[in-house]
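Just my_file-v4.cif here, mmCIF, N, CA and C atoms:
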data_data
#
loop_
_atom_site.group_PDB
_atom_site.id
_atom_site.type_symbol
_atom_site.label_atom_id
_atom_site.label_comp_id
_atom_site.auth_asym_id
_atom_site.auth_seq_id
_atom_site.Cartn_x
_atom_site.Cartn_y
_atom_site.Cartn_z
ATOM 1 N N MET A 7 132.918 92.730 107.311
ATOM 2 C CA MET A 7 132.214 93.900 107.781
ATOM 3 C C MET A 7 130.829 93.470 108.249
ATOM 4 N N MET A 8 130.422 93.976 109.367
ATOM 5 C CA MET A 8 129.077 93.747 109.884
ATOM 6 C C MET A 8 128.578 95.079 110.414
ATOM 7 N N SER A 9 127.322 95.337 110.158
ATOM 8 C CA SER A 9 126.748 96.581 110.649
ATOM 9 C C SER A 9 126.930 96.667 112.167
ATOM 10 N N ASP A 10 127.491 97.767 112.655
ATOM 11 C CA ASP A 10 127.822 97.923 114.068
ATOM 12 C C ASP A 10 126.613 97.844 114.990
ATOM 13 N N ASP A 11 125.440 98.222 114.502
ATOM 14 C CA ASP A 11 124.281 98.250 115.385
ATOM 15 C C ASP A 11 123.599 96.892 115.543
ATOM 16 N N ILE A 12 124.140 95.827 114.917
ATOM 17 C CA ILE A 12 123.499 94.517 115.055
ATOM 18 C C ILE A 12 124.418 93.449 115.634
ATOM 19 N N LYS A 13 125.608 93.803 116.024
ATOM 20 C CA LYS A 13 126.544 92.814 116.562
ATOM 21 C C LYS A 13 126.042 92.241 117.880
ATOM 22 N N ALA A 14 126.145 90.918 118.015
ATOM 23 C CA ALA A 14 125.989 90.203 119.276
ATOM 24 C C ALA A 14 124.742 90.547 120.079
ATOM 25 N N LYS A 15 123.605 90.644 119.393
ATOM 26 C CA LYS A 15 122.344 90.788 120.111
ATOM 27 C C LYS A 15 121.225 90.220 119.257
ATOM 28 N N ALA A 16 120.189 89.745 119.913
ATOM 29 C CA ALA A 16 119.036 89.187 119.210
ATOM 30 C C ALA A 16 118.198 90.318 118.622
ATOM 31 N N LEU A 17 117.734 90.130 117.392
ATOM 32 C CA LEU A 17 116.939 91.144 116.706
ATOM 33 C C LEU A 17 115.717 90.501 116.061
ATOM 34 N N ASP A 18 114.673 91.261 115.893
ATOM 35 C CA ASP A 18 113.481 90.820 115.189
ATOM 36 C C ASP A 18 113.742 90.971 113.693
ATOM 37 N N ILE A 19 113.883 89.845 112.979
ATOM 38 C CA ILE A 19 114.283 89.914 111.574
ATOM 39 C C ILE A 19 113.256 90.628 110.702
ATOM 40 N N GLU A 20 111.982 90.614 111.089
ATOM 41 C CA GLU A 20 110.982 91.302 110.282
ATOM 42 C C GLU A 20 111.099 92.823 110.386
ATOM 43 N N LYS A 21 111.849 93.319 111.374
ATOM 44 C CA LYS A 21 111.963 94.767 111.566
ATOM 45 C C LYS A 21 113.315 95.331 111.128
ATOM 46 N N LEU A 22 114.194 94.509 110.576
ATOM 47 C CA LEU A 22 115.508 95.008 110.148
ATOM 48 C C LEU A 22 115.429 95.881 108.905
ATOM 49 N N VAL A 23 114.398 95.684 108.100
ATOM 50 C CA VAL A 23 114.098 96.599 106.990
ATOM 51 C C VAL A 23 112.600 96.843 107.006
ATOM 52 N N GLU A 24 112.193 98.046 106.634
ATOM 53 C CA GLU A 24 110.780 98.412 106.607
ATOM 54 C C GLU A 24 110.349 98.681 105.166
ATOM 55 N N TYR A 25 109.091 98.417 104.892
ATOM 56 C CA TYR A 25 108.545 98.719 103.576
ATOM 57 C C TYR A 25 108.532 100.231 103.343
ATOM 58 N N GLN A 26 108.772 100.611 102.084
ATOM 59 C CA GLN A 26 108.612 101.994 101.651
ATOM 60 C C GLN A 26 107.825 101.977 100.356
ATOM 61 N N ASP A 27 106.940 102.961 100.181
ATOM 62 C CA ASP A 27 106.079 103.007 99.011
ATOM 63 C C ASP A 27 106.888 102.991 97.719
ATOM 64 N N ASP A 28 106.461 102.118 96.803
ATOM 65 C CA ASP A 28 106.967 102.074 95.426
ATOM 66 C C ASP A 28 108.487 101.897 95.323
ATOM 67 N N THR A 29 109.079 101.132 96.232
ATOM 68 C CA THR A 29 110.529 100.962 96.157
ATOM 69 C C THR A 29 110.970 99.626 96.748
ATOM 70 N N VAL A 30 112.239 99.332 96.555
ATOM 71 C CA VAL A 30 112.907 98.184 97.162
ATOM 72 C C VAL A 30 113.928 98.736 98.145
ATOM 73 N N VAL A 31 113.877 98.265 99.385
ATOM 74 C CA VAL A 31 114.811 98.703 100.421
ATOM 75 C C VAL A 31 115.741 97.539 100.730
ATOM 76 N N SER A 32 117.043 97.825 100.876
ATOM 77 C CA SER A 32 117.977 96.763 101.243
ATOM 78 C C SER A 32 118.897 97.227 102.356
ATOM 79 N N ARG A 33 119.351 96.242 103.137
ATOM 80 C CA ARG A 33 120.282 96.516 104.229
ATOM 81 C C ARG A 33 121.268 95.348 104.322
ATOM 82 N N GLU A 34 122.488 95.595 103.939
ATOM 83 C CA GLU A 34 123.531 94.569 104.015
ATOM 84 C C GLU A 34 124.025 94.483 105.453
ATOM 85 N N VAL A 35 123.960 93.293 106.041
ATOM 86 C CA VAL A 35 124.356 93.154 107.440
ATOM 87 C C VAL A 35 125.680 92.404 107.610
ATOM 88 N N ILE A 36 126.050 91.605 106.627
ATOM 89 C CA ILE A 36 127.362 90.952 106.636
ATOM 90 C C ILE A 36 127.933 91.040 105.227
ATOM 91 N N LYS A 37 129.180 91.464 105.123
ATOM 92 C CA LYS A 37 129.861 91.517 103.841
ATOM 93 C C LYS A 37 131.269 90.977 104.035
ATOM 94 N N LYS A 38 131.521 89.835 103.428
ATOM 95 C CA LYS A 38 132.822 89.187 103.488
ATOM 96 C C LYS A 38 133.260 88.847 102.071
ATOM 97 N N GLU A 39 134.522 88.525 101.906
ATOM 98 C CA GLU A 39 135.044 88.172 100.588
ATOM 99 C C GLU A 39 134.283 86.998 99.975
ATOM 100 N N LEU A 40 133.886 86.047 100.799
ATOM 101 C CA LEU A 40 133.240 84.838 100.295
ATOM 102 C C LEU A 40 131.717 84.902 100.281
ATOM 103 N N GLY A 41 131.124 86.003 100.715
ATOM 104 C CA GLY A 41 129.673 86.090 100.653
ATOM 105 C C GLY A 41 129.092 87.236 101.450
ATOM 106 N N THR A 42 127.768 87.377 101.335
ATOM 107 C CA THR A 42 127.056 88.465 102.011
ATOM 108 C C THR A 42 125.720 87.963 102.546
ATOM 109 N N VAL A 43 125.177 88.719 103.509
ATOM 110 C CA VAL A 43 123.808 88.531 103.980
ATOM 111 C C VAL A 43 123.142 89.903 103.912
ATOM 112 N N THR A 44 122.031 89.960 103.166
ATOM 113 C CA THR A 44 121.334 91.224 102.952
ATOM 114 C C THR A 44 119.844 91.033 103.199
ATOM 115 N N PHE A 45 119.225 91.984 103.895
ATOM 116 C CA PHE A 45 117.792 91.997 104.132
ATOM 117 C C PHE A 45 117.154 92.931 103.105
ATOM 118 N N PHE A 46 116.001 92.530 102.556
ATOM 119 C CA PHE A 46 115.289 93.322 101.556
ATOM 120 C C PHE A 46 113.827 93.462 101.949
ATOM 121 N N ALA A 47 113.210 94.585 101.566
ATOM 122 C CA ALA A 47 111.763 94.795 101.637
ATOM 123 C C ALA A 47 111.321 95.311 100.270
ATOM 124 N N PHE A 48 110.399 94.590 99.628
ATOM 125 C CA PHE A 48 109.881 94.947 98.305
ATOM 126 C C PHE A 48 108.435 95.388 98.454
ATOM 127 N N ASP A 49 108.107 96.592 98.013
ATOM 128 C CA ASP A 49 106.711 96.994 97.988
ATOM 129 C C ASP A 49 106.014 96.246 96.846
ATOM 130 N N GLN A 50 104.691 96.081 96.946
ATOM 131 C CA GLN A 50 103.951 95.386 95.899
ATOM 132 C C GLN A 50 104.214 96.041 94.554
ATOM 133 N N GLY A 51 104.457 95.215 93.545
ATOM 134 C CA GLY A 51 104.743 95.703 92.202
ATOM 135 C C GLY A 51 106.214 95.957 91.936
ATOM 136 N N GLN A 52 107.036 95.894 92.967
ATOM 137 C CA GLN A 52 108.473 96.151 92.819
ATOM 138 C C GLN A 52 109.230 94.837 92.639
ATOM 139 N N GLY A 53 110.436 94.925 92.086
ATOM 140 C CA GLY A 53 111.226 93.719 91.894
ATOM 141 C C GLY A 53 112.630 94.023 91.441
ATOM 142 N N LEU A 54 113.348 92.963 91.165
ATOM 143 C CA LEU A 54 114.678 93.042 90.574
ATOM 144 C C LEU A 54 114.609 92.336 89.232
ATOM 145 N N SER A 55 115.020 93.015 88.171
ATOM 146 C CA SER A 55 114.944 92.434 86.840
ATOM 147 C C SER A 55 115.931 91.279 86.698
ATOM 148 N N GLU A 56 115.750 90.508 85.652
ATOM 149 C CA GLU A 56 116.582 89.311 85.447
ATOM 150 C C GLU A 56 118.065 89.670 85.400
ATOM 151 N N HIS A 57 118.836 88.902 86.136
ATOM 152 C CA HIS A 57 120.284 89.071 86.192
ATOM 153 C C HIS A 57 120.885 87.759 86.661
ATOM 154 N N SER A 58 122.202 87.674 86.681
ATOM 155 C CA SER A 58 122.870 86.504 87.254
ATOM 156 C C SER A 58 124.006 87.008 88.126
ATOM 157 N N ALA A 59 124.495 86.131 88.989
ATOM 158 C CA ALA A 59 125.564 86.501 89.913
ATOM 159 C C ALA A 59 126.501 85.303 90.079
ATOM 160 N N PRO A 60 127.772 85.567 90.367
ATOM 161 C CA PRO A 60 128.742 84.477 90.530
ATOM 162 C C PRO A 60 128.696 83.860 91.928
ATOM 163 N N PHE A 61 127.519 83.872 92.549
ATOM 164 C CA PHE A 61 127.332 83.363 93.904
ATOM 165 C C PHE A 61 126.157 82.391 93.923
ATOM 166 N N ASP A 62 126.264 81.307 94.685
ATOM 167 C CA ASP A 62 125.087 80.531 95.034
ATOM 168 C C ASP A 62 124.331 81.384 96.044
ATOM 169 N N ALA A 63 123.013 81.394 95.946
ATOM 170 C CA ALA A 63 122.235 82.261 96.815
ATOM 171 C C ALA A 63 121.038 81.520 97.392
ATOM 172 N N MET A 64 120.722 81.845 98.640
ATOM 173 C CA MET A 64 119.527 81.325 99.284
ATOM 174 C C MET A 64 118.654 82.513 99.660
ATOM 175 N N VAL A 65 117.406 82.460 99.245
ATOM 176 C CA VAL A 65 116.418 83.471 99.599
ATOM 177 C C VAL A 65 115.481 82.852 100.618
ATOM 178 N N GLN A 66 115.300 83.559 101.739
ATOM 179 C CA GLN A 66 114.347 83.145 102.773
ATOM 180 C C GLN A 66 113.308 84.248 102.897
ATOM 181 N N ILE A 67 112.045 83.908 102.664
ATOM 182 C CA ILE A 67 110.971 84.892 102.761
ATOM 183 C C ILE A 67 110.555 84.999 104.229
ATOM 184 N N ILE A 68 110.565 86.235 104.758
ATOM 185 C CA ILE A 68 110.225 86.443 106.165
ATOM 186 C C ILE A 68 108.895 87.173 106.348
ATOM 187 N N ASP A 69 108.294 87.649 105.229
ATOM 188 C CA ASP A 69 106.972 88.265 105.270
ATOM 189 C C ASP A 69 106.435 88.298 103.849
ATOM 190 N N GLY A 70 105.155 87.981 103.667
ATOM 191 C CA GLY A 70 104.523 88.051 102.354
ATOM 192 C C GLY A 70 104.916 86.888 101.461
ATOM 193 N N GLU A 71 104.879 87.134 100.141
ATOM 194 C CA GLU A 71 105.273 86.114 99.176
ATOM 195 C C GLU A 71 105.911 86.765 97.973
ATOM 196 N N ALA A 72 106.840 86.027 97.347
ATOM 197 C CA ALA A 72 107.584 86.530 96.199
ATOM 198 C C ALA A 72 107.396 85.613 95.002
ATOM 199 N N GLU A 73 107.451 86.193 93.823
ATOM 200 C CA GLU A 73 107.554 85.404 92.604
ATOM 201 C C GLU A 73 109.026 85.459 92.200
ATOM 202 N N ILE A 74 109.684 84.313 92.226
ATOM 203 C CA ILE A 74 111.109 84.238 91.910
ATOM 204 C C ILE A 74 111.269 83.332 90.697
ATOM 205 N N THR A 75 111.799 83.907 89.626
ATOM 206 C CA THR A 75 111.999 83.173 88.382
ATOM 207 C C THR A 75 113.474 82.813 88.280
ATOM 208 N N ILE A 76 113.748 81.521 88.106
ATOM 209 C CA ILE A 76 115.120 81.025 87.973
ATOM 210 C C ILE A 76 115.213 80.249 86.670
ATOM 211 N N SER A 77 116.077 80.694 85.771
ATOM 212 C CA SER A 77 116.256 80.051 84.456
ATOM 213 C C SER A 77 114.916 79.833 83.760
ATOM 214 N N GLY A 78 114.045 80.854 83.824
ATOM 215 C CA GLY A 78 112.761 80.826 83.134
ATOM 216 C C GLY A 78 111.633 80.122 83.866
ATOM 217 N N VAL A 79 111.904 79.514 85.024
ATOM 218 C CA VAL A 79 110.885 78.797 85.787
ATOM 219 C C VAL A 79 110.402 79.686 86.931
ATOM 220 N N LYS A 80 109.083 79.979 86.954
ATOM 221 C CA LYS A 80 108.508 80.829 87.999
ATOM 222 C C LYS A 80 108.197 80.003 89.240
ATOM 223 N N ASN A 81 108.549 80.552 90.398
ATOM 224 C CA ASN A 81 108.287 79.923 91.693
ATOM 225 C C ASN A 81 107.619 80.942 92.600
ATOM 226 N N THR A 82 106.565 80.510 93.312
ATOM 227 C CA THR A 82 105.975 81.347 94.344
ATOM 228 C C THR A 82 106.549 80.879 95.672
ATOM 229 N N VAL A 83 107.213 81.797 96.380
ATOM 230 C CA VAL A 83 107.871 81.464 97.639
ATOM 231 C C VAL A 83 107.215 82.322 98.717
ATOM 232 N N LYS A 84 106.717 81.656 99.771
ATOM 233 C CA LYS A 84 105.934 82.325 100.805
ATOM 234 C C LYS A 84 106.694 82.421 102.120
ATOM 235 N N LYS A 85 106.152 83.244 103.026
ATOM 236 C CA LYS A 85 106.726 83.403 104.356
ATOM 237 C C LYS A 85 107.049 82.041 104.963
ATOM 238 N N GLY A 86 108.275 81.921 105.470
ATOM 239 C CA GLY A 86 108.720 80.675 106.080
ATOM 240 C C GLY A 86 109.356 79.705 105.109
ATOM 241 N N GLU A 87 109.390 80.051 103.819
ATOM 242 C CA GLU A 87 109.975 79.171 102.810
ATOM 243 C C GLU A 87 111.290 79.750 102.291
ATOM 244 N N ILE A 88 112.105 78.869 101.723
ATOM 245 C CA ILE A 88 113.364 79.274 101.098
ATOM 246 C C ILE A 88 113.416 78.745 99.675
ATOM 247 N N ILE A 89 114.306 79.331 98.880
ATOM 248 C CA ILE A 89 114.608 78.816 97.551
ATOM 249 C C ILE A 89 116.095 79.061 97.300
ATOM 250 N N ILE A 90 116.723 78.144 96.589
ATOM 251 C CA ILE A 90 118.135 78.258 96.246
ATOM 252 C C ILE A 90 118.243 78.741 94.804
ATOM 253 N N MET A 91 119.077 79.751 94.584
ATOM 254 C CA MET A 91 119.356 80.251 93.244
ATOM 255 C C MET A 91 120.813 79.909 92.927
ATOM 256 N N PRO A 92 121.045 78.961 91.996
ATOM 257 C CA PRO A 92 122.419 78.563 91.681
ATOM 258 C C PRO A 92 123.225 79.700 91.050
ATOM 259 N N ALA A 93 124.520 79.688 91.299
ATOM 260 C CA ALA A 93 125.419 80.685 90.712
ATOM 261 C C ALA A 93 125.307 80.670 89.196
ATOM 262 N N ASN A 94 125.406 81.851 88.617
ATOM 263 C CA ASN A 94 125.457 82.068 87.171
ATOM 264 C C ASN A 94 124.174 81.695 86.428
ATOM 265 N N GLU A 95 123.085 81.408 87.144
ATOM 266 C CA GLU A 95 121.784 81.146 86.517
ATOM 267 C C GLU A 95 120.980 82.448 86.518
ATOM 268 N N PRO A 96 120.333 82.782 85.402
ATOM 269 C CA PRO A 96 119.522 84.006 85.391
ATOM 270 C C PRO A 96 118.333 83.880 86.335
ATOM 271 N N HIS A 97 118.072 84.969 87.076
ATOM 272 C CA HIS A 97 116.960 84.973 88.021
ATOM 273 C C HIS A 97 116.395 86.381 88.145
ATOM 274 N N ALA A 98 115.128 86.446 88.556
ATOM 275 C CA ALA A 98 114.438 87.723 88.767
ATOM 276 C C ALA A 98 113.509 87.541 89.961
ATOM 277 N N LEU A 99 113.247 88.647 90.669
ATOM 278 C CA LEU A 99 112.392 88.615 91.856
ATOM 279 C C LEU A 99 111.335 89.695 91.721
ATOM 280 N N GLN A 100 110.085 89.355 92.108
ATOM 281 C CA GLN A 100 108.985 90.298 91.931
ATOM 282 C C GLN A 100 107.969 90.161 93.059
ATOM 283 N N ALA A 101 107.468 91.292 93.533
ATOM 284 C CA ALA A 101 106.371 91.327 94.511
ATOM 285 C C ALA A 101 105.078 91.468 93.717
ATOM 286 N N VAL A 102 104.467 90.351 93.336
ATOM 287 C CA VAL A 102 103.300 90.356 92.456
ATOM 288 C C VAL A 102 102.012 90.565 93.237
ATOM 289 N N ASN A 103 101.738 89.706 94.231
ATOM 290 C CA ASN A 103 100.456 89.725 94.940
ATOM 291 C C ASN A 103 100.471 90.495 96.253
ATOM 292 N N SER A 104 101.654 90.739 96.783
ATOM 293 C CA SER A 104 101.770 91.440 98.068
ATOM 294 C C SER A 104 103.193 91.942 98.219
ATOM 295 N N PRO A 105 103.409 92.890 99.110
ATOM 296 C CA PRO A 105 104.795 93.242 99.433
ATOM 297 C C PRO A 105 105.434 92.039 100.132
ATOM 298 N N TYR A 106 106.748 91.988 100.139
ATOM 299 C CA TYR A 106 107.419 90.918 100.866
ATOM 300 C C TYR A 106 108.781 91.371 101.371
ATOM 301 N N LYS A 107 109.245 90.651 102.402
ATOM 302 C CA LYS A 107 110.590 90.856 102.955
ATOM 303 C C LYS A 107 111.339 89.542 102.826
ATOM 304 N N MET A 108 112.660 89.657 102.610
ATOM 305 C CA MET A 108 113.470 88.460 102.447
ATOM 306 C C MET A 108 114.870 88.677 102.981
ATOM 307 N N ILE A 109 115.514 87.556 103.261
ATOM 308 C CA ILE A 109 116.937 87.541 103.587
ATOM 309 C C ILE A 109 117.627 86.866 102.413
ATOM 310 N N LEU A 110 118.639 87.514 101.877
ATOM 311 C CA LEU A 110 119.443 86.954 100.781
ATOM 312 C C LEU A 110 120.817 86.622 101.329
ATOM 313 N N THR A 111 121.164 85.339 101.267
ATOM 314 C CA THR A 111 122.493 84.881 101.689
ATOM 315 C C THR A 111 123.214 84.406 100.440
ATOM 316 N N MET A 112 124.334 85.054 100.114
ATOM 317 C CA MET A 112 125.098 84.685 98.921
ATOM 318 C C MET A 112 126.457 84.123 99.343
ATOM 319 N N ILE A 113 126.810 82.996 98.731
ATOM 320 C CA ILE A 113 128.080 82.333 99.000
ATOM 321 C C ILE A 113 128.819 82.195 97.682
ATOM 322 N N LYS A 114 130.045 82.700 97.626
ATOM 323 C CA LYS A 114 130.828 82.678 96.393
ATOM 324 C C LYS A 114 131.147 81.234 95.979
ATOM 325 N N SER A 115 130.973 80.969 94.690
ATOM 326 C CA SER A 115 131.280 79.642 94.136
ATOM 327 C C SER A 115 132.721 79.620 93.646
ATOM 328 N N ASN A 116 133.306 78.457 93.710
ATOM 329 C CA ASN A 116 134.689 78.303 93.189
ATOM 330 C C ASN A 116 134.678 77.975 91.726
#
Give the structure from this file in structure tokens form.
Amino acid sequence: MMSDDIKAKALDIEKLVEYQDDTVVSREVIKKELGTVTFFAFDQGQGLSEHSAPFDAMVQIIDGEAEITISGVKNTVKKGEIIIMPANEPHALQAVNSPYKMILTMIKSN
């Protein structure tokens, strides 16, 4: 499944999701059995609490900076940077110093 309004055309990735006050916005653009691609916008102070997933995941920051904790280790990831979150490892994401936007690509592990 792919969102019908984004097929086969170039798009500005920073505009696929917009910030909203005091919330996290997400937009899934590809959903397949083996993985997904989702765009997120986190307002400052917002985040996702610690959890794990059966997918290897890559986070690419496209605006701002995120605090991403993986297995208890805090990482600051800034615009233009990526971080890999291994499958089944606990992780959390937080907009500490600024709002941020990211692309989350998840690939199912065998």
**Request:** Could you state which residues are captured by the PyMOL selection byres ((chain A and resi 98-105) around 6.5) in this file, as a list in words?
**Result:**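 When the PyMOL selection byres ((chain A and resi 98-105) around 6.5) is applied, the selected residues are Phe48, Asp49, Gln50, Gly51, Gln52, Gly53, Leu54, Ser55, Glu56, His57, Asp69, Gly70, Glu71, Ala72, Glu73, Ile74, Thr75, Ile76, Ser77, Pro96, His97, Tyr106 and Lys107 of chain A.
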**Asked** From the set A:Ile88, A:Ala47, A:Ala93, A:Ala14, which residue has the shortest atom-to-atom contact distance to Val30 of chain A, counting all atoms listed in the file?
**Response**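 So, comparing all the options, the nearest one is A:Ala47.
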**Prompt:** Nearest to Ser115 of chain A among A:Val83, A:Ala59, A:Val43, A:Val31, with distances taken over only C-alpha atoms: which residue is it?
**Reply:**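 Looking only at the distances to Ser115 of chain A, the closest residue turns out to be A:Ala59.
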**Request:** Return the single residue from A:Phe45, A:Met91, A:Ser58, A:Leu110 that is closest to Asp18 of chain A, with distances computed using only C-alpha atoms.
**Result:**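 Among the listed residues, the smallest separation from Asp18 of chain A belongs to A:Phe45.
With distances taken over only N, CA and C atoms, A:Glu20 is the one residue among A:Glu95, A:Lys15, A:Glu20, A:Arg33 lying closest to Ile68 of chain A.
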**Message:** Quick check, in Å to one decimal: how far apart do atom CA of Val65 of chain A and atom CA of Ala16 of chain A lie?
**Reply:** 20.6 Å
**Item:** Result set, the PyMOL selection byres ((chain A and resi 39) around 8) on current file, as JSON, numbers by chain
**Value:** {"A": [7, 36, 37, 38, 40, 41, 42, 113, 114]}
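The coordinates place atom N of Thr29 of chain A at 19.8 Å from atom C of Lys84 of chain A.
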**Request:** Would you work out the distance separating atom N of Phe61 of chain A from atom N of Ile19 of chain A, expressed in Å to one decimal?
**Result:** 25.3 Å
Might I get the box with edges along x, y and z of the file that holds all atoms of segment 84-90 of chain A listed there, padded by 4 Å on every side, given as centre and edge lengths in Å to one decimal, as AutoDock Vina command-line options?
--center_x 112.1 --center_y 80.8 --center_z 100.4 --size_x 20.3 --size_y 13.3 --size_z 19.3
**Message:** Considering all atoms listed in the file, can you say which of A:Phe46, A:Tyr25, A:Asp62, A:Leu17 comes closest to Asn94 of chain A?
**Reply:** A:Asp62
**Prompt:** Can you list every residue in chain A that DSSP puts in strand (DSSP E), as a ChimeraX atom specification?
**Reply:** /A:30-38,41-48,53-57,61-76,79-84,88-91,97-100,106-114
Any chance you could work out the residue set of the PyMOL selection byres (((chain A and resi 86 and name CA) around 6) and name CA) here, as an mmCIF file with N, CA and C atoms, in the coordinates of the input?
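What landed in out_23.cif:
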data_model
loop_
_atom_site.group_PDB
_atom_site.id
_atom_site.type_symbol
_atom_site.label_atom_id
_atom_site.label_comp_id
_atom_site.auth_asym_id
_atom_site.auth_seq_id
_atom_site.Cartn_x
_atom_site.Cartn_y
_atom_site.Cartn_z
ATOM 1 N N ILE A 67 112.045 83.908 102.664
ATOM 2 C CA ILE A 67 110.971 84.892 102.761
ATOM 3 C C ILE A 67 110.555 84.999 104.229
ATOM 4 N N ILE A 68 110.565 86.235 104.758
ATOM 5 C CA ILE A 68 110.225 86.443 106.165
ATOM 6 C C ILE A 68 108.895 87.173 106.348
ATOM 7 N N LYS A 85 106.152 83.244 103.026
ATOM 8 C CA LYS A 85 106.726 83.403 104.356
ATOM 9 C C LYS A 85 107.049 82.041 104.963
ATOM 10 N N GLU A 87 109.390 80.051 103.819
ATOM 11 C CA GLU A 87 109.975 79.171 102.810
ATOM 12 C C GLU A 87 111.290 79.750 102.291
#
**Asked** If you count only C-alpha atoms, which residues fall within 7 Å of Thr44 of chain A, apart from same-chain ones fewer than 4 positions away, as a VMD selection string?
**Response** chain A and resid 32 to 35 109 to 111
Take segment 62-68 of chain A, model all heavy atoms, and hand the result over as a short mmCIF file (atom, residue, chain, number, x, y, z; two decimals), in the frame of the given file.
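Now in out-v8.cif:
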data_model
loop_
_atom_site.label_atom_id
_atom_site.label_comp_id
_atom_site.auth_asym_id
_atom_site.auth_seq_id
_atom_site.Cartn_x
_atom_site.Cartn_y
_atom_site.Cartn_z
N ASP A 62 126.26 81.31 94.68
CA ASP A 62 125.09 80.53 95.03
C ASP A 62 124.33 81.38 96.04
O ASP A 62 124.94 82.04 96.90
CB ASP A 62 125.47 79.19 95.66
CG ASP A 62 126.06 78.22 94.65
OD1 ASP A 62 125.52 78.14 93.53
OD2 ASP A 62 127.05 77.55 94.97
N ALA A 63 123.01 81.39 95.95
CA ALA A 63 122.24 82.26 96.82
C ALA A 63 121.04 81.52 97.39
O ALA A 63 120.42 80.69 96.71
CB ALA A 63 121.76 83.49 96.04
N MET A 64 120.72 81.84 98.64
CA MET A 64 119.53 81.32 99.28
C MET A 64 118.65 82.51 99.66
O MET A 64 119.12 83.45 100.30
CB MET A 64 119.87 80.53 100.54
CG MET A 64 118.63 79.95 101.22
SD MET A 64 118.99 79.05 102.73
CE MET A 64 119.23 80.43 103.85
N VAL A 65 117.41 82.46 99.24
CA VAL A 65 116.42 83.47 99.60
C VAL A 65 115.48 82.85 100.62
O VAL A 65 114.92 81.78 100.38
CB VAL A 65 115.63 83.95 98.37
CG1 VAL A 65 114.46 84.82 98.78
CG2 VAL A 65 116.54 84.69 97.40
N GLN A 66 115.30 83.56 101.74
CA GLN A 66 114.35 83.14 102.77
C GLN A 66 113.31 84.25 102.90
O GLN A 66 113.65 85.40 103.19
CB GLN A 66 115.05 82.95 104.11
CG GLN A 66 114.09 82.60 105.23
CD GLN A 66 114.79 82.49 106.58
OE1 GLN A 66 115.98 82.68 106.70
NE2 GLN A 66 114.01 82.21 107.60
N ILE A 67 112.04 83.91 102.66
CA ILE A 67 110.97 84.89 102.76
C ILE A 67 110.56 85.00 104.23
O ILE A 67 110.24 84.00 104.87
CB ILE A 67 109.77 84.49 101.89
CG1 ILE A 67 110.19 84.29 100.43
CG2 ILE A 67 108.65 85.55 102.00
CD1 ILE A 67 110.82 85.50 99.76
N ILE A 68 110.56 86.24 104.76
CA ILE A 68 110.22 86.44 106.16
C ILE A 68 108.90 87.17 106.35
O ILE A 68 108.40 87.28 107.46
CB ILE A 68 111.36 87.17 106.93
CG1 ILE A 68 111.70 88.51 106.29
CG2 ILE A 68 112.59 86.28 107.01
CD1 ILE A 68 112.72 89.33 107.06
#
